[in-house]
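Structure data follow from my_file_22.cif (mmCIF, C-alpha atoms):
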```
data_protein
#
loop_
_atom_site.group_PDB
_atom_site.id
_atom_site.type_symbol
_atom_site.label_atom_id
_atom_site.label_comp_id
_atom_site.auth_asym_id
_atom_site.auth_seq_id
_atom_site.Cartn_x
_atom_site.Cartn_y
_atom_site.Cartn_z
ATOM 1 C CA MET S 1 -0.906 -22.521 14.142
ATOM 2 C CA LYS S 2 2.741 -21.923 13.233
ATOM 3 C CA ASN S 3 1.779 -20.547 9.777
ATOM 4 C CA GLN S 4 -0.746 -18.194 11.376
ATOM 5 C CA VAL S 5 1.896 -16.817 13.773
ATOM 6 C CA SER S 6 4.355 -16.425 10.895
ATOM 7 C CA ASN S 7 1.688 -14.728 8.783
ATOM 8 C CA ASP S 8 0.749 -12.401 11.659
ATOM 9 C CA CYS S 9 4.403 -11.401 12.076
ATOM 10 C CA ALA S 10 4.738 -10.760 8.360
ATOM 11 C CA MET S 11 1.616 -8.584 8.342
ATOM 12 C CA LYS S 12 2.935 -6.588 11.306
ATOM 13 C CA LEU S 13 6.202 -5.983 9.447
ATOM 14 C CA ILE S 14 4.300 -4.933 6.335
ATOM 15 C CA CYS S 15 2.170 -2.499 8.348
ATOM 16 C CA LYS S 16 5.287 -1.145 10.059
ATOM 17 C CA ARG S 17 6.823 -0.458 6.644
ATOM 18 C CA PHE S 18 3.646 1.306 5.493
ATOM 19 C CA ASP S 19 3.597 3.348 8.699
ATOM 20 C CA GLN S 20 7.213 4.441 8.206
ATOM 21 C CA LEU S 21 6.468 5.472 4.629
ATOM 22 C CA SER S 22 3.355 7.311 5.750
ATOM 23 C CA GLN S 23 5.240 9.162 8.473
ATOM 24 C CA ARG S 24 7.759 10.390 5.901
ATOM 25 C CA CYS S 25 4.929 11.614 3.680
ATOM 26 C CA VAL S 26 2.436 12.852 6.221
ATOM 27 C CA ASN S 27 1.324 16.433 6.426
ATOM 28 C CA LYS S 28 2.448 17.291 9.966
ATOM 29 C CA HIS S 29 -0.704 19.388 10.549
ATOM 30 C CA THR S 30 -3.145 16.470 10.361
ATOM 31 C CA SER S 31 -3.943 13.543 12.574
ATOM 32 C CA PHE S 32 -3.491 10.255 10.825
ATOM 33 C CA ASN S 33 -3.907 6.529 11.458
ATOM 34 C CA SER S 34 -1.646 4.649 9.034
ATOM 35 C CA ASP S 35 -2.610 1.336 10.638
ATOM 36 C CA LEU S 36 -6.243 1.807 9.616
ATOM 37 C CA ILE S 37 -5.263 2.465 5.994
ATOM 38 C CA CYS S 38 -2.783 -0.423 6.005
ATOM 39 C CA GLN S 39 -5.449 -2.789 7.333
ATOM 40 C CA LYS S 40 -7.799 -1.707 4.539
ATOM 41 C CA ILE S 41 -5.031 -2.274 1.957
ATOM 42 C CA LEU S 42 -4.302 -5.729 3.399
ATOM 43 C CA THR S 43 -8.002 -6.600 3.382
ATOM 44 C CA LEU S 44 -8.231 -5.683 -0.286
ATOM 45 C CA TYR S 45 -5.091 -7.592 -1.300
ATOM 46 C CA ASN S 46 -6.121 -10.635 0.756
ATOM 47 C CA GLN S 47 -9.512 -11.098 -0.890
ATOM 48 C CA PRO S 48 -10.028 -14.827 -1.591
ATOM 49 C CA ALA S 49 -10.684 -14.376 -5.330
ATOM 50 C CA ARG S 50 -7.265 -12.854 -5.937
ATOM 51 C CA ARG S 51 -4.757 -15.170 -7.545
ATOM 52 C CA TYR S 52 -1.955 -12.813 -8.621
ATOM 53 C CA HIS S 53 -2.835 -9.275 -7.520
ATOM 54 C CA ASN S 54 -2.531 -10.192 -3.838
ATOM 55 C CA ILE S 55 -0.288 -9.303 -0.904
ATOM 56 C CA GLU S 56 2.486 -11.598 -2.151
ATOM 57 C CA HIS S 57 2.535 -9.524 -5.348
ATOM 58 C CA ILE S 58 2.974 -6.341 -3.301
ATOM 59 C CA ILE S 59 5.750 -7.912 -1.226
ATOM 60 C CA HIS S 60 7.492 -8.922 -4.469
ATOM 61 C CA CYS S 61 7.111 -5.383 -5.855
ATOM 62 C CA LEU S 62 8.521 -3.880 -2.654
ATOM 63 C CA LYS S 63 11.518 -6.234 -2.755
ATOM 64 C CA GLU S 64 12.209 -5.217 -6.344
ATOM 65 C CA PHE S 65 11.764 -1.562 -5.373
ATOM 66 C CA ASP S 66 14.258 -1.960 -2.509
ATOM 67 C CA GLN S 67 16.927 -2.925 -5.024
ATOM 68 C CA ILE S 68 16.572 0.327 -7.002
ATOM 69 C CA GLY S 69 14.889 2.782 -4.609
ATOM 70 C CA ASP S 70 18.056 4.802 -4.093
ATOM 71 C CA GLN S 71 18.186 5.493 -7.844
ATOM 72 C CA ILE S 72 14.709 7.063 -7.978
ATOM 73 C CA PRO S 73 14.331 10.845 -7.553
ATOM 74 C CA ASP S 74 11.243 10.537 -5.292
ATOM 75 C CA PRO S 75 11.266 6.994 -3.892
ATOM 76 C CA ASP S 76 8.475 7.649 -1.379
ATOM 77 C CA ALA S 77 6.056 8.602 -4.159
ATOM 78 C CA VAL S 78 6.941 5.467 -6.109
ATOM 79 C CA GLU S 79 6.645 3.241 -3.044
ATOM 80 C CA MET S 80 3.260 4.756 -2.188
ATOM 81 C CA ALA S 81 2.113 4.032 -5.739
ATOM 82 C CA LEU S 82 3.251 0.414 -5.342
ATOM 83 C CA TRP S 83 1.091 -0.026 -2.256
ATOM 84 C CA PHE S 84 -2.035 1.167 -4.050
ATOM 85 C CA HIS S 85 -1.445 0.087 -7.668
ATOM 86 C CA ASP S 86 -3.599 -3.064 -7.514
ATOM 87 C CA SER S 87 -5.579 -2.295 -4.371
ATOM 88 C CA ILE S 88 -8.853 -2.457 -6.287
ATOM 89 C CA TYR S 89 -8.879 -5.331 -8.730
ATOM 90 C CA TYR S 90 -11.868 -7.239 -10.007
ATOM 91 C CA ALA S 91 -11.144 -9.475 -12.998
ATOM 92 C CA GLY S 92 -13.027 -8.393 -16.089
ATOM 93 C CA ARG S 93 -14.058 -5.002 -14.715
ATOM 94 C CA ILE S 94 -13.233 -1.921 -16.751
ATOM 95 C CA ASP S 95 -13.414 0.507 -13.826
ATOM 96 C CA ASN S 96 -10.592 -0.889 -11.657
ATOM 97 C CA GLU S 97 -8.291 2.062 -12.401
ATOM 98 C CA GLN S 98 -10.921 4.660 -11.493
ATOM 99 C CA LYS S 99 -11.865 2.793 -8.307
ATOM 100 C CA LYS S 100 -8.279 2.437 -7.095
ATOM 101 C CA CYS S 101 -7.630 6.123 -7.806
ATOM 102 C CA ARG S 102 -10.699 7.064 -5.751
ATOM 103 C CA PHE S 103 -9.548 4.764 -2.949
ATOM 104 C CA PHE S 104 -6.076 6.334 -2.981
ATOM 105 C CA LEU S 105 -7.503 9.866 -2.938
ATOM 106 C CA ARG S 106 -9.937 9.039 -0.120
ATOM 107 C CA ALA S 107 -7.230 7.328 1.932
ATOM 108 C CA ASN S 108 -4.864 10.240 1.412
ATOM 109 C CA SER S 109 -7.221 13.195 0.988
ATOM 110 C CA THR S 110 -5.765 15.415 3.703
ATOM 111 C CA ILE S 111 -2.862 13.326 4.840
ATOM 112 C CA PHE S 112 -0.041 13.379 2.342
ATOM 113 C CA THR S 113 1.963 16.304 1.085
ATOM 114 C CA ALA S 114 1.342 17.764 -2.342
ATOM 115 C CA ARG S 115 4.505 16.237 -3.797
ATOM 116 C CA LEU S 116 2.775 12.833 -3.941
ATOM 117 C CA TYR S 117 0.004 14.040 -6.258
#
```
Is it possible to express this structure as structure tokens?
Amino acid sequence: MKNQVSNDCAMKLICKRFDQLSQRCVNKHTSFNSDLICQKILTLYNQPARRYHNIEHIIHCLKEFDQIGDQIPDPDAVEMALWFHDSIYYAGRIDNEQKKCRFFLRANSTIFTARLY
């Protein structure tokens, strides 16, 4: 029970971070539910078959990013890429890159400003 509570808190913090990033990037003329997209991202990264390309990998990437983010010309674009970079991953498949690009474009089709593309 304690691990579940801790995990739930961690997931809420992760979604809060994604929401803050999304709010910085959002096109102010659209309605947007960052929680829905974050939940989809978490579902993908938490698939049981994942050994390395999972949510712990994303948390590690974000921690590394936090150490150098202020040195990057467009840190929001880089952070957004981190969130999606392994969102679609099936071992042995050759179409992972195309599928994750389609997922990113669908998730962000009318939401994010042009500077992220």
Task: Contacts of segment 89-93 of chain S at 9 Å (only C-alpha atoms; same-chain gap of 3+ positions) as a list in words - done: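 With the cut-off at 9 Å, the set is Leu44, Tyr45, Ala49, Arg50, His53, Asp86, Asn96, Glu97, Lys99 and Lys100 of chain S.
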Could you turn the residues from that selection into a file that holds C-alpha atoms, as a compact mmCIF listing (two decimals), keeping the file's coordinate frame?
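As written to disk, result.txt reads:
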```txt
# COMPACT_ATOMS: atom_id res chain seq x y z
CA LEU S 44 -8.23 -5.68 -0.29
CA TYR S 45 -5.09 -7.59 -1.30
CA ALA S 49 -10.68 -14.38 -5.33
CA ARG S 50 -7.26 -12.85 -5.94
CA HIS S 53 -2.84 -9.28 -7.52
CA ASP S 86 -3.60 -3.06 -7.51
CA ASN S 96 -10.59 -0.89 -11.66
CA GLU S 97 -8.29 2.06 -12.40
CA LYS S 99 -11.86 2.79 -8.31
CA LYS S 100 -8.28 2.44 -7.10
```
Task: Within 9 Å of segment 61-77 of chain S using all atoms listed in the file, minus same-chain residues under 2 positions, as a ChimeraX atom specification - done: /S:21-22,24-25,56-59,79-83,115-117
For Leu42 of chain S: contacts at 10 Å, all atoms listed in the file, fewer than 3 positions along chain excluded, given as a compact mmCIF listing (two decimals) with C-alpha atoms, keeping the file's coordinate frame:
```txt
# COMPACT_ATOMS: atom_id res chain seq x y z
CA MET S 11 1.62 -8.58 8.34
CA ILE S 14 4.30 -4.93 6.34
CA CYS S 15 2.17 -2.50 8.35
CA LEU S 36 -6.24 1.81 9.62
CA ILE S 37 -5.26 2.46 5.99
CA CYS S 38 -2.78 -0.42 6.00
CA GLN S 39 -5.45 -2.79 7.33
CA TYR S 45 -5.09 -7.59 -1.30
CA ASN S 46 -6.12 -10.64 0.76
CA GLN S 47 -9.51 -11.10 -0.89
CA ASN S 54 -2.53 -10.19 -3.84
CA ILE S 55 -0.29 -9.30 -0.90
CA ILE S 58 2.97 -6.34 -3.30
CA TRP S 83 1.09 -0.03 -2.26
CA SER S 87 -5.58 -2.30 -4.37
```
TODO: May I ask for the distance between atom CA of Cys9 of chain S and atom CA of Arg106 of chain S, given in Å to one decimal place?
DONE: 27.8 Å
Open item on the list: What's the separation between atom CA of Val78 of chain S and atom CA of Pro48 of chain S, in Å to one decimal place?
Closed with: 26.8 Å
TODO: Between S:Tyr52, S:Ser34, S:Leu105, S:His60, single out the one closest to Lys16 of chain S, counting only C-alpha atoms.
DONE: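 Nearest candidate to Lys16 of chain S out of S:Tyr52, S:Ser34, S:Leu105, S:His60: S:Ser34.
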Open item on the list: What's the separation between atom CA of Asp35 of chain S and atom CA of Asp19 of chain S, in Å to one decimal place?
Closed with: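 About the pair atom CA of Asp35 of chain S and atom CA of Asp19 of chain S: they are 6.8 Å apart.
In this comparison, which uses all atoms listed in the file, the residue of S:His85, S:Ile94, S:Lys40, S:Asn33 approaching Gln20 of chain S most closely is S:Asn33.
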How big is the axis-aligned box, and where does its centre sit, when it encloses all atoms of segment 86-94 of chain S listed in the file and has 8 Å added on every side, reported in Å to one decimal as JSON?
```
{"center_x": -8.8, "center_y": -5.7, "center_z": -10.6, "size_x": 26.5, "size_y": 23.6, "size_z": 28.4}
```
Write a file for segment 12-96 of chain S of the given structure; include C-alpha atoms and format it as an mmCIF file, in the first residue's frame.
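Full text of part.cif as output:
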```
data_model
loop_
_atom_site.group_PDB
_atom_site.id
_atom_site.type_symbol
_atom_site.label_atom_id
_atom_site.label_comp_id
_atom_site.auth_asym_id
_atom_site.auth_seq_id
_atom_site.Cartn_x
_atom_site.Cartn_y
_atom_site.Cartn_z
ATOM 1 C CA LYS S 12 1.004 13.315 -9.917
ATOM 2 C CA LEU S 13 4.287 15.239 -9.772
ATOM 3 C CA ILE S 14 5.246 13.970 -13.218
ATOM 4 C CA CYS S 15 1.876 15.031 -14.644
ATOM 5 C CA LYS S 16 2.197 18.423 -12.951
ATOM 6 C CA ARG S 17 5.576 18.907 -14.635
ATOM 7 C CA PHE S 18 4.109 17.938 -18.017
ATOM 8 C CA ASP S 19 1.201 20.321 -17.457
ATOM 9 C CA GLN S 20 3.555 23.204 -16.645
ATOM 10 C CA LEU S 21 5.581 22.499 -19.777
ATOM 11 C CA SER S 22 2.415 22.266 -21.838
ATOM 12 C CA GLN S 23 1.102 25.556 -20.479
ATOM 13 C CA ARG S 24 4.328 27.280 -21.523
ATOM 14 C CA CYS S 25 4.004 25.822 -25.017
ATOM 15 C CA VAL S 26 0.274 25.926 -25.551
ATOM 16 C CA ASN S 27 -1.352 27.947 -28.268
ATOM 17 C CA LYS S 28 -3.533 30.269 -26.172
ATOM 18 C CA HIS S 29 -6.373 30.050 -28.734
ATOM 19 C CA THR S 30 -7.087 26.348 -28.198
ATOM 20 C CA SER S 31 -8.611 24.323 -25.427
ATOM 21 C CA PHE S 32 -6.285 21.678 -24.135
ATOM 22 C CA ASN S 33 -6.200 18.851 -21.593
ATOM 23 C CA SER S 34 -2.561 18.164 -20.697
ATOM 24 C CA ASP S 35 -3.639 15.580 -18.120
ATOM 25 C CA LEU S 36 -5.200 13.415 -20.828
ATOM 26 C CA ILE S 37 -1.998 13.478 -22.891
ATOM 27 C CA CYS S 38 0.152 12.867 -19.810
ATOM 28 C CA GLN S 39 -1.971 9.863 -18.846
ATOM 29 C CA LYS S 40 -1.536 8.433 -22.348
ATOM 30 C CA ILE S 41 2.246 8.981 -22.129
ATOM 31 C CA LEU S 42 2.361 7.285 -18.716
ATOM 32 C CA THR S 43 0.293 4.370 -20.010
ATOM 33 C CA LEU S 44 2.729 3.871 -22.867
ATOM 34 C CA TYR S 45 5.847 4.099 -20.685
ATOM 35 C CA ASN S 46 4.326 1.802 -18.047
ATOM 36 C CA GLN S 47 3.592 -1.082 -20.407
ATOM 37 C CA PRO S 48 4.625 -4.349 -18.698
ATOM 38 C CA ALA S 49 6.957 -5.473 -21.512
ATOM 39 C CA ARG S 50 9.182 -2.426 -21.139
ATOM 40 C CA ARG S 51 12.451 -3.054 -19.360
ATOM 41 C CA TYR S 52 14.469 0.098 -20.103
ATOM 42 C CA HIS S 53 12.316 2.482 -22.149
ATOM 43 C CA ASN S 54 9.914 3.032 -19.247
ATOM 44 C CA ILE S 55 8.873 5.890 -16.972
ATOM 45 C CA GLU S 56 12.028 5.542 -14.863
ATOM 46 C CA HIS S 57 14.024 6.201 -18.042
ATOM 47 C CA ILE S 58 12.042 9.398 -18.648
ATOM 48 C CA ILE S 59 12.521 10.525 -15.045
ATOM 49 C CA HIS S 60 16.270 9.930 -15.443
ATOM 50 C CA CYS S 61 16.309 11.918 -18.704
ATOM 51 C CA LEU S 62 14.418 14.796 -17.078
ATOM 52 C CA LYS S 63 16.854 14.865 -14.146
ATOM 53 C CA GLU S 64 19.774 15.026 -16.562
ATOM 54 C CA PHE S 65 17.961 17.726 -18.542
ATOM 55 C CA ASP S 66 17.411 19.769 -15.364
ATOM 56 C CA GLN S 67 21.168 19.981 -14.900
ATOM 57 C CA ILE S 68 21.734 21.605 -18.314
ATOM 58 C CA GLY S 69 18.347 23.063 -19.309
ATOM 59 C CA ASP S 70 19.457 26.640 -18.718
ATOM 60 C CA GLN S 71 22.227 26.171 -21.301
ATOM 61 C CA ILE S 72 19.847 25.162 -24.110
ATOM 62 C CA PRO S 73 18.461 27.843 -26.459
ATOM 63 C CA ASP S 74 14.918 26.362 -26.469
ATOM 64 C CA PRO S 75 14.650 24.156 -23.375
ATOM 65 C CA ASP S 76 10.887 23.639 -23.702
ATOM 66 C CA ALA S 77 11.299 22.076 -27.148
ATOM 67 C CA VAL S 78 14.009 19.753 -25.856
ATOM 68 C CA GLU S 79 11.995 18.793 -22.781
ATOM 69 C CA MET S 80 8.933 18.080 -24.927
ATOM 70 C CA ALA S 81 11.079 15.841 -27.125
ATOM 71 C CA LEU S 82 12.272 13.979 -24.018
ATOM 72 C CA TRP S 83 8.704 13.202 -22.997
ATOM 73 C CA PHE S 84 7.881 11.661 -26.367
ATOM 74 C CA HIS S 85 11.222 10.204 -27.514
ATOM 75 C CA ASP S 86 10.476 6.602 -26.485
ATOM 76 C CA SER S 87 6.708 6.844 -26.112
ATOM 77 C CA ILE S 88 6.185 4.177 -28.764
ATOM 78 C CA TYR S 89 8.652 1.351 -28.381
ATOM 79 C CA TYR S 90 8.203 -2.249 -29.403
ATOM 80 C CA ALA S 91 11.407 -4.302 -29.376
ATOM 81 C CA GLY S 92 12.354 -5.529 -32.822
ATOM 82 C CA ARG S 93 9.934 -3.269 -34.688
ATOM 83 C CA ILE S 94 11.305 -1.063 -37.440
ATOM 84 C CA ASP S 95 8.444 1.444 -37.357
ATOM 85 C CA ASN S 96 8.840 2.754 -33.787
#
```
